[in-house]
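Data file: final39.cif. Format and content: mmCIF, C-alpha atoms.
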```cif
data_structure
#
loop_
_atom_site.label_atom_id
_atom_site.label_comp_id
_atom_site.auth_asym_id
_atom_site.auth_seq_id
_atom_site.Cartn_x
_atom_site.Cartn_y
_atom_site.Cartn_z
CA MET A 1 -20.71 -5.80 -10.06
CA PHE A 2 -19.41 -7.33 -6.84
CA ASN A 3 -21.59 -9.98 -5.21
CA LYS A 4 -21.08 -11.27 -1.66
CA ASP A 5 -21.78 -14.90 -2.52
CA ASP A 6 -19.10 -14.78 -5.20
CA LEU A 7 -16.66 -12.98 -2.91
CA LEU A 8 -17.01 -15.59 -0.16
CA LYS A 9 -17.24 -18.66 -2.37
CA ASP A 10 -14.93 -21.46 -1.14
CA VAL A 11 -13.97 -19.57 2.03
CA LYS A 12 -13.59 -22.05 4.90
CA LYS A 13 -16.67 -22.15 7.12
CA SER A 14 -15.07 -20.98 10.36
CA TRP A 15 -13.92 -17.73 8.75
CA LEU A 16 -17.40 -16.70 7.64
CA SER A 17 -18.49 -15.45 11.06
CA LEU A 18 -15.59 -12.96 10.95
CA LEU A 19 -15.86 -12.01 7.29
CA ASP A 20 -19.58 -11.93 6.52
CA ASN A 21 -20.98 -8.89 8.31
CA PHE A 22 -22.69 -5.54 7.82
CA GLU A 23 -19.35 -3.81 7.24
CA LEU A 24 -18.71 -6.09 4.26
CA ASP A 25 -22.13 -5.20 2.86
CA LYS A 26 -21.14 -1.53 2.97
CA ILE A 27 -17.80 -2.23 1.31
CA ILE A 28 -19.49 -4.10 -1.52
CA LYS A 29 -21.84 -1.17 -2.11
CA THR A 30 -18.85 1.18 -2.19
CA LEU A 31 -16.91 -1.01 -4.62
CA ASN A 32 -19.95 -1.25 -6.88
CA THR A 33 -20.05 2.54 -7.18
CA LYS A 34 -16.50 2.43 -8.55
CA ASN A 35 -17.05 -0.17 -11.26
CA SER A 36 -15.89 2.16 -14.02
CA SER A 37 -12.33 1.55 -12.75
CA ILE A 38 -10.49 -1.78 -12.72
CA ILE A 39 -10.40 -3.19 -9.20
CA LEU A 40 -7.80 -5.78 -8.20
CA PRO A 41 -7.65 -8.61 -7.41
CA THR A 42 -10.53 -10.18 -9.32
CA GLU A 43 -13.67 -10.77 -7.28
CA ASN A 44 -13.03 -14.48 -6.76
CA ARG A 45 -9.59 -13.78 -5.26
CA ILE A 46 -10.31 -10.96 -2.80
CA PHE A 47 -10.77 -13.48 0.04
CA GLN A 48 -8.28 -16.03 -1.31
CA ALA A 49 -6.29 -16.09 1.94
CA PHE A 50 -9.21 -17.69 3.78
CA LYS A 51 -9.74 -20.68 1.49
CA TYR A 52 -6.96 -23.03 2.64
CA PHE A 53 -7.41 -23.74 6.36
CA GLU A 54 -9.78 -23.09 9.25
CA LEU A 55 -9.49 -20.14 11.65
CA LYS A 56 -8.26 -22.27 14.56
CA ASP A 57 -5.46 -23.70 12.40
CA THR A 58 -3.85 -20.32 11.70
CA LYS A 59 -0.19 -20.38 12.72
CA ILE A 60 1.41 -17.31 11.12
CA ILE A 61 -0.06 -14.05 9.86
CA LEU A 62 2.18 -12.11 7.47
CA LEU A 63 0.52 -8.74 7.14
CA GLY A 64 0.95 -6.65 4.00
CA GLN A 65 -0.53 -3.28 3.06
CA ASP A 66 -2.51 -3.74 -0.15
CA PRO A 67 -2.59 -5.91 -3.28
CA TYR A 68 -0.15 -5.47 -6.12
CA ILE A 69 -1.39 -2.91 -8.62
CA GLY A 70 -0.57 -4.82 -11.81
CA CYS A 71 -3.44 -6.67 -13.44
CA GLU A 72 -1.68 -10.04 -13.53
CA GLN A 73 -0.09 -9.74 -10.09
CA ALA A 74 -2.86 -9.48 -7.49
CA MET A 75 -3.94 -12.88 -6.19
CA GLY A 76 -5.38 -12.20 -2.73
CA LEU A 77 -2.26 -13.33 -0.82
CA SER A 78 0.06 -10.67 0.58
CA PHE A 79 3.49 -10.51 -1.11
CA SER A 80 2.54 -13.37 -3.49
CA VAL A 81 2.11 -13.28 -7.27
CA PRO A 82 0.82 -16.01 -9.60
CA LYS A 83 3.21 -18.39 -11.31
CA GLY A 84 4.75 -16.78 -14.39
CA CYS A 85 4.76 -13.22 -12.99
CA PRO A 86 8.13 -11.50 -12.50
CA LEU A 87 9.19 -11.40 -8.87
CA PRO A 88 8.21 -8.10 -7.18
CA PRO A 89 11.12 -6.28 -5.51
CA SER A 90 9.83 -6.79 -1.94
CA LEU A 91 9.47 -10.53 -2.50
CA LYS A 92 12.95 -10.70 -4.02
CA ASN A 93 14.26 -9.12 -0.82
CA ILE A 94 12.32 -11.61 1.33
CA TYR A 95 13.92 -14.46 -0.60
CA LYS A 96 17.35 -12.84 -0.20
CA GLU A 97 16.99 -12.54 3.58
CA LEU A 98 15.73 -16.12 3.75
CA GLY A 99 18.73 -17.28 1.74
CA ILE A 100 16.47 -18.76 -0.92
CA ASN A 101 18.30 -18.74 -4.24
CA ASN A 102 17.37 -19.52 -7.82
CA ILE A 103 13.64 -19.37 -7.19
CA LYS A 104 11.69 -18.27 -10.24
CA THR A 105 8.17 -18.36 -8.83
CA GLY A 106 6.56 -15.73 -6.64
CA ASP A 107 3.54 -17.92 -5.86
CA LEU A 108 3.61 -18.46 -2.08
CA THR A 109 0.61 -20.80 -1.96
CA SER A 110 2.79 -23.66 -0.74
CA TRP A 111 3.76 -21.59 2.32
CA VAL A 112 0.06 -21.13 3.00
CA LYS A 113 -0.79 -24.81 2.64
CA ASN A 114 2.26 -26.31 4.34
CA ASN A 115 2.58 -23.92 7.29
CA GLN A 116 -0.87 -22.33 7.68
CA PHE A 117 0.39 -18.86 6.77
CA LEU A 118 -2.39 -16.30 6.51
CA LEU A 119 -1.02 -13.91 3.89
CA LEU A 120 -3.27 -10.96 4.71
CA ASN A 121 -3.33 -7.39 3.43
CA SER A 122 -4.79 -4.54 5.48
CA SER A 123 -6.61 -3.46 2.31
CA LEU A 124 -8.12 -6.32 0.31
CA SER A 125 -8.49 -4.45 -2.97
CA VAL A 126 -6.93 -1.64 -4.97
CA PHE A 127 -7.46 0.31 -8.18
CA GLU A 128 -5.24 -0.95 -10.97
CA GLY A 129 -2.10 1.17 -11.07
CA LYS A 130 -2.87 3.10 -7.84
CA SER A 131 -1.17 1.90 -4.68
CA ASN A 132 -2.99 2.34 -1.39
CA SER A 133 -6.14 3.53 -3.16
CA HIS A 134 -8.62 1.46 -1.09
CA GLN A 135 -7.14 1.71 2.41
CA ASP A 136 -9.97 3.94 3.57
CA ILE A 137 -12.55 1.43 2.31
CA TRP A 138 -11.12 -1.58 4.16
CA LEU A 139 -9.45 0.03 7.21
CA ASP A 140 -12.12 -0.59 9.87
CA TYR A 141 -13.01 -3.98 8.42
CA THR A 142 -9.50 -5.43 8.53
CA ASP A 143 -8.68 -3.78 11.87
CA ASN A 144 -11.71 -5.54 13.36
CA LEU A 145 -10.74 -8.74 11.59
CA ILE A 146 -7.26 -8.69 13.13
CA LYS A 147 -8.74 -8.05 16.57
CA ASN A 148 -11.26 -10.86 16.16
CA ILE A 149 -8.57 -13.30 15.02
CA SER A 150 -6.56 -12.33 18.09
CA ASP A 151 -9.59 -12.86 20.35
CA GLU A 152 -10.67 -16.19 18.88
CA THR A 153 -7.33 -17.98 18.45
CA ASP A 154 -4.26 -18.79 20.54
CA ASN A 155 -0.56 -18.98 19.76
CA VAL A 156 -0.55 -17.23 16.41
CA ILE A 157 2.69 -15.60 15.26
CA PHE A 158 2.04 -12.14 13.79
CA LEU A 159 4.88 -11.01 11.49
CA LEU A 160 4.55 -7.25 11.08
CA LEU A 161 6.95 -5.76 8.53
CA GLY A 162 6.93 -1.98 8.15
CA ASN A 163 5.06 0.86 9.81
CA ASN A 164 1.64 0.07 8.37
CA ALA A 165 1.73 -3.51 9.62
CA GLN A 166 3.25 -2.56 12.97
CA SER A 167 0.43 -0.07 13.58
CA LYS A 168 -1.92 -3.08 13.86
CA SER A 169 -0.15 -4.45 16.94
CA LYS A 170 -2.63 -2.60 19.15
CA PHE A 171 -5.33 -5.01 18.01
CA ILE A 172 -3.32 -8.11 18.99
CA ASP A 173 -3.24 -9.64 22.48
CA ASN A 174 0.48 -10.12 23.13
CA LYS A 175 -0.26 -12.36 26.11
CA LYS A 176 -1.83 -14.95 23.79
CA HIS A 177 0.21 -14.45 20.64
CA VAL A 178 3.75 -13.77 19.44
CA ILE A 179 4.35 -10.45 17.70
CA ILE A 180 7.49 -10.07 15.58
CA LYS A 181 8.18 -6.61 14.17
CA GLY A 182 10.63 -5.70 11.46
CA VAL A 183 11.56 -3.33 8.66
CA HIS A 184 9.58 -3.59 5.44
CA PRO A 185 11.39 -5.50 2.67
CA SER A 186 10.73 -2.89 -0.03
CA PRO A 187 13.75 -1.49 -1.88
CA LEU A 188 13.17 1.85 -0.12
CA SER A 189 13.73 0.39 3.33
CA ALA A 190 15.31 -3.07 3.09
CA HIS A 191 18.84 -1.69 3.51
CA ARG A 192 17.75 0.17 6.66
CA GLY A 193 17.37 -2.86 8.87
CA PHE A 194 15.64 -5.65 6.98
CA PHE A 195 18.72 -7.24 5.44
CA GLY A 196 20.77 -9.00 8.08
CA SER A 197 18.05 -8.69 10.72
CA GLY A 198 17.62 -12.45 11.12
CA ILE A 199 13.90 -11.90 11.34
CA PHE A 200 13.09 -15.20 9.65
CA ASP A 201 15.45 -17.04 12.00
CA ARG A 202 13.38 -15.65 14.85
CA LEU A 203 10.20 -16.69 13.05
CA ASP A 204 11.61 -20.20 12.60
CA ASP A 205 12.50 -20.39 16.28
CA GLU A 206 9.08 -19.24 17.49
CA TYR A 207 7.29 -21.58 15.07
CA GLU A 208 9.30 -24.59 16.21
CA LYS A 209 8.79 -23.66 19.85
CA LEU A 210 5.02 -23.41 19.48
CA PHE A 211 4.32 -26.21 17.00
CA ASN A 212 7.25 -28.64 17.39
CA LYS A 213 8.06 -28.63 13.71
CA GLU A 214 9.97 -26.54 11.22
CA ILE A 215 8.58 -24.11 8.66
CA LYS A 216 8.66 -25.54 5.16
CA TRP A 217 10.05 -22.71 3.06
CA ASN A 218 10.30 -24.73 -0.16
CA LEU A 219 8.29 -23.46 -3.13
#
```
Show me this structure written as structure tokens.
Amino acid sequence: MFNKDDLLKDVKKSWLSLLDNFELDKIIKTLNTKNSSIILPTENRIFQAFKYFELKDTKIILLGQDPYIGCEQAMGLSFSVPKGCPLPPSLKNIYKELGINNIKTGDLTSWVKNNQFLLLNSSLSVFEGKSNSHQDIWLDYTDNLIKNISDETDNVIFLLLGNNAQSKSKFIDNKKHVIIKGVHPSPLSAHRGFFGSGIFDRLDDEYEKLFNKEIKWNL
């Protein structure tokens, strides 16, 4: 059974006003009616993205669609997998476009800690083995979350890769924030405009312009 206190344990205080609301209560009730199926990630990782830095310190939001559907893969950070997991194809393509070679780990936690990346999915859970199976459960919640982040922060870079992520641009104030849109890095689309796009060069440039320092891509 999912419990809100367990879900939000270790979440940084400033995020709680955005995350702890009536909509979350409804989601928990819904998830608890589906407990005969395996739900990923584990309860203590659903809000993992919000445990590393405060709301006002957010610098980049990399928006994904939903968690990985393999039991050992989902860790509550978009595109990231725990140490020891094989690299997912989309992450391999991200590394390729970044020019990062010979990297064995898919754990992106160092990007989160060193650069204040919020690695956020538009759906925070999924049934094991069933992609996109909880989008309807989380849709309004994460749409409102994105809007509230936009309202309550300044100078955040939103990196929106693929149609699902780009559809969220309507919730972001482009007068306060930088929005970078690009093709999704999945094998189905990476060769249609992701590879060679220079999208991470643009991200580097915007980050340095706003924060007077370079992104630390090392893992």
- Message: Which residues, named as in the file, does the PyMOL selection byres ((chain A and resi 176) around 9) pick out? Answer as a list of chain:residue names.
- Response: A:Ser150, A:Asp151, A:Thr153, A:Asp154, A:Asn155, A:Val156, A:Ile172, A:Asp173, A:Asn174, A:Lys175, A:His177, A:Val178
- Message: Which residues would end up in the selection if the PyMOL selection byres ((chain A and resi 15-30) around 12) were applied here, given that I need the answer as a ChimeraX atom specification?
- Response: /A:1-14,31-35,39,43,46-58,118,123-125,134-153
- Any chance you could resolve the PyMOL selection byres ((chain A and resi 196) around 12) against this file and give the residues as a ChimeraX atom specification? /A:93-94,96-99,182-183,185,190-195,197-201
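What separates CA of Ser90 (chain A) from CA of Leu120 (chain A) is a distance of 15.3 Å.
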- Query: When distances are computed from all atoms listed in the file, which of A:Asn212, A:Thr42, A:Ser189, A:Asn114 shows the smallest separation from Leu161 (chain A)?
  - Reply: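 Nearest candidate to Leu161 (chain A) out of A:Asn212, A:Thr42, A:Ser189, A:Asn114: A:Ser189.
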- Item | Close residues, Ala74 (chain A) itself excluded, 6 Å, only C-alpha atoms, min 2 positions apart in chain, as a PyMOL selection string | chain A and resi 41+67-68
Quick one: write out the picked residues with C-alpha atoms as an mmCIF file, in the coordinates of the input?
```cif
data_model
loop_
_atom_site.group_PDB
_atom_site.id
_atom_site.type_symbol
_atom_site.label_atom_id
_atom_site.label_comp_id
_atom_site.auth_asym_id
_atom_site.auth_seq_id
_atom_site.Cartn_x
_atom_site.Cartn_y
_atom_site.Cartn_z
ATOM 1 C CA PRO A 41 -7.650 -8.610 -7.410
ATOM 2 C CA PRO A 67 -2.590 -5.910 -3.280
ATOM 3 C CA TYR A 68 -0.150 -5.470 -6.120
#
```
- Query: At a cut-off of 6 Å from (3.4, -15.3, -8.4) in the coordinates of the file, what residues are picked up using only C-alpha atoms, written as a PyMOL selection string?
  - Reply: chain A and resi 80-83+85+105-107
Can I get the selection written as a compact mmCIF listing (two decimals), in the coordinates of the input, with C-alpha atoms?
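Here's the written file out.txt:
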```txt
# COMPACT_ATOMS: atom_id res chain seq x y z
CA SER A 80 2.54 -13.37 -3.49
CA VAL A 81 2.11 -13.28 -7.27
CA PRO A 82 0.82 -16.01 -9.60
CA LYS A 83 3.21 -18.39 -11.31
CA CYS A 85 4.76 -13.22 -12.99
CA THR A 105 8.17 -18.36 -8.83
CA GLY A 106 6.56 -15.73 -6.64
CA ASP A 107 3.54 -17.92 -5.86
```
- When you draw a straight line from CA of Leu91 (chain A) to CA of Val112 (chain A), how long is it in Å?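 A separation of 15.2 Å between them.
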- Which of these residues is nearest to His184 (chain A), using only C-alpha atoms: A:Ala165, A:Ile215, A:Cys71, A:Ile100?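 Selected residue with least distance to His184 (chain A): A:Ala165.
Excluding Ile69 (chain A) itself and same-chain residues fewer than 3 positions from it, the residues having an atom within 10 Å of it are Ile39, Leu40, Pro41, Asp66, Glu72, Gln73, Ala74, Ser125, Val126, Phe127, Glu128, Gly129, Lys130, Ser131, Asn132 and Ser133 of chain A, counting only C-alpha atoms.
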- Message: Between CA of Ser122 (chain A) and CA of Leu219 (chain A), what distance in Å does the model show, to one decimal?
- Response: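 So the two atoms, CA of Ser122 (chain A) and CA of Leu219 (chain A), lie 24.6 Å apart.
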Is there a way to complete region 194-207 of chain A with N, CA and C atoms and then write that out as a PDB file, keeping the file's coordinate frame?
```pdb
ATOM      1  N   PHE A 194      16.249  -4.360   7.315  1.00  0.00           N
ATOM      2  CA  PHE A 194      15.640  -5.650   6.980  1.00  0.00           C
ATOM      3  C   PHE A 194      16.720  -6.683   6.671  1.00  0.00           C
ATOM      4  N   PHE A 195      17.627  -6.322   5.764  1.00  0.00           N
ATOM      5  CA  PHE A 195      18.720  -7.240   5.440  1.00  0.00           C
ATOM      6  C   PHE A 195      19.615  -7.432   6.670  1.00  0.00           C
ATOM      7  N   GLY A 196      19.900  -8.683   6.957  1.00  0.00           N
ATOM      8  CA  GLY A 196      20.770  -9.000   8.080  1.00  0.00           C
ATOM      9  C   GLY A 196      20.086  -8.986   9.429  1.00  0.00           C
ATOM     10  N   SER A 197      18.769  -8.775   9.442  1.00  0.00           N
ATOM     11  CA  SER A 197      18.050  -8.690  10.720  1.00  0.00           C
ATOM     12  C   SER A 197      17.836 -10.052  11.365  1.00  0.00           C
ATOM     13  N   GLY A 198      17.900 -11.123  10.570  1.00  0.00           N
ATOM     14  CA  GLY A 198      17.620 -12.450  11.120  1.00  0.00           C
ATOM     15  C   GLY A 198      16.172 -12.656  11.503  1.00  0.00           C
ATOM     16  N   ILE A 199      15.288 -11.846  10.914  1.00  0.00           N
ATOM     17  CA  ILE A 199      13.900 -11.900  11.340  1.00  0.00           C
ATOM     18  C   ILE A 199      13.253 -13.255  11.040  1.00  0.00           C
ATOM     19  N   PHE A 200      13.671 -13.896   9.966  1.00  0.00           N
ATOM     20  CA  PHE A 200      13.090 -15.200   9.650  1.00  0.00           C
ATOM     21  C   PHE A 200      13.691 -16.302  10.507  1.00  0.00           C
ATOM     22  N   ASP A 201      14.903 -16.107  11.018  1.00  0.00           N
ATOM     23  CA  ASP A 201      15.450 -17.040  12.000  1.00  0.00           C
ATOM     24  C   ASP A 201      14.604 -16.987  13.274  1.00  0.00           C
ATOM     25  N   ARG A 202      14.225 -15.787  13.670  1.00  0.00           N
ATOM     26  CA  ARG A 202      13.380 -15.650  14.850  1.00  0.00           C
ATOM     27  C   ARG A 202      12.014 -16.294  14.602  1.00  0.00           C
ATOM     28  N   LEU A 203      11.471 -16.077  13.397  1.00  0.00           N
ATOM     29  CA  LEU A 203      10.200 -16.690  13.050  1.00  0.00           C
ATOM     30  C   LEU A 203      10.305 -18.213  13.100  1.00  0.00           C
ATOM     31  N   ASP A 204      11.386 -18.758  12.539  1.00  0.00           N
ATOM     32  CA  ASP A 204      11.610 -20.200  12.600  1.00  0.00           C
ATOM     33  C   ASP A 204      11.643 -20.702  14.039  1.00  0.00           C
ATOM     34  N   ASP A 205      12.364 -19.978  14.880  1.00  0.00           N
ATOM     35  CA  ASP A 205      12.500 -20.390  16.280  1.00  0.00           C
ATOM     36  C   ASP A 205      11.155 -20.386  16.995  1.00  0.00           C
ATOM     37  N   GLU A 206      10.374 -19.339  16.813  1.00  0.00           N
ATOM     38  CA  GLU A 206       9.080 -19.240  17.490  1.00  0.00           C
ATOM     39  C   GLU A 206       8.118 -20.307  16.968  1.00  0.00           C
ATOM     40  N   TYR A 207       8.160 -20.564  15.673  1.00  0.00           N
ATOM     41  CA  TYR A 207       7.290 -21.580  15.070  1.00  0.00           C
ATOM     42  C   TYR A 207       7.612 -22.962  15.634  1.00  0.00           C
TER      43      TYR A 207
END
```
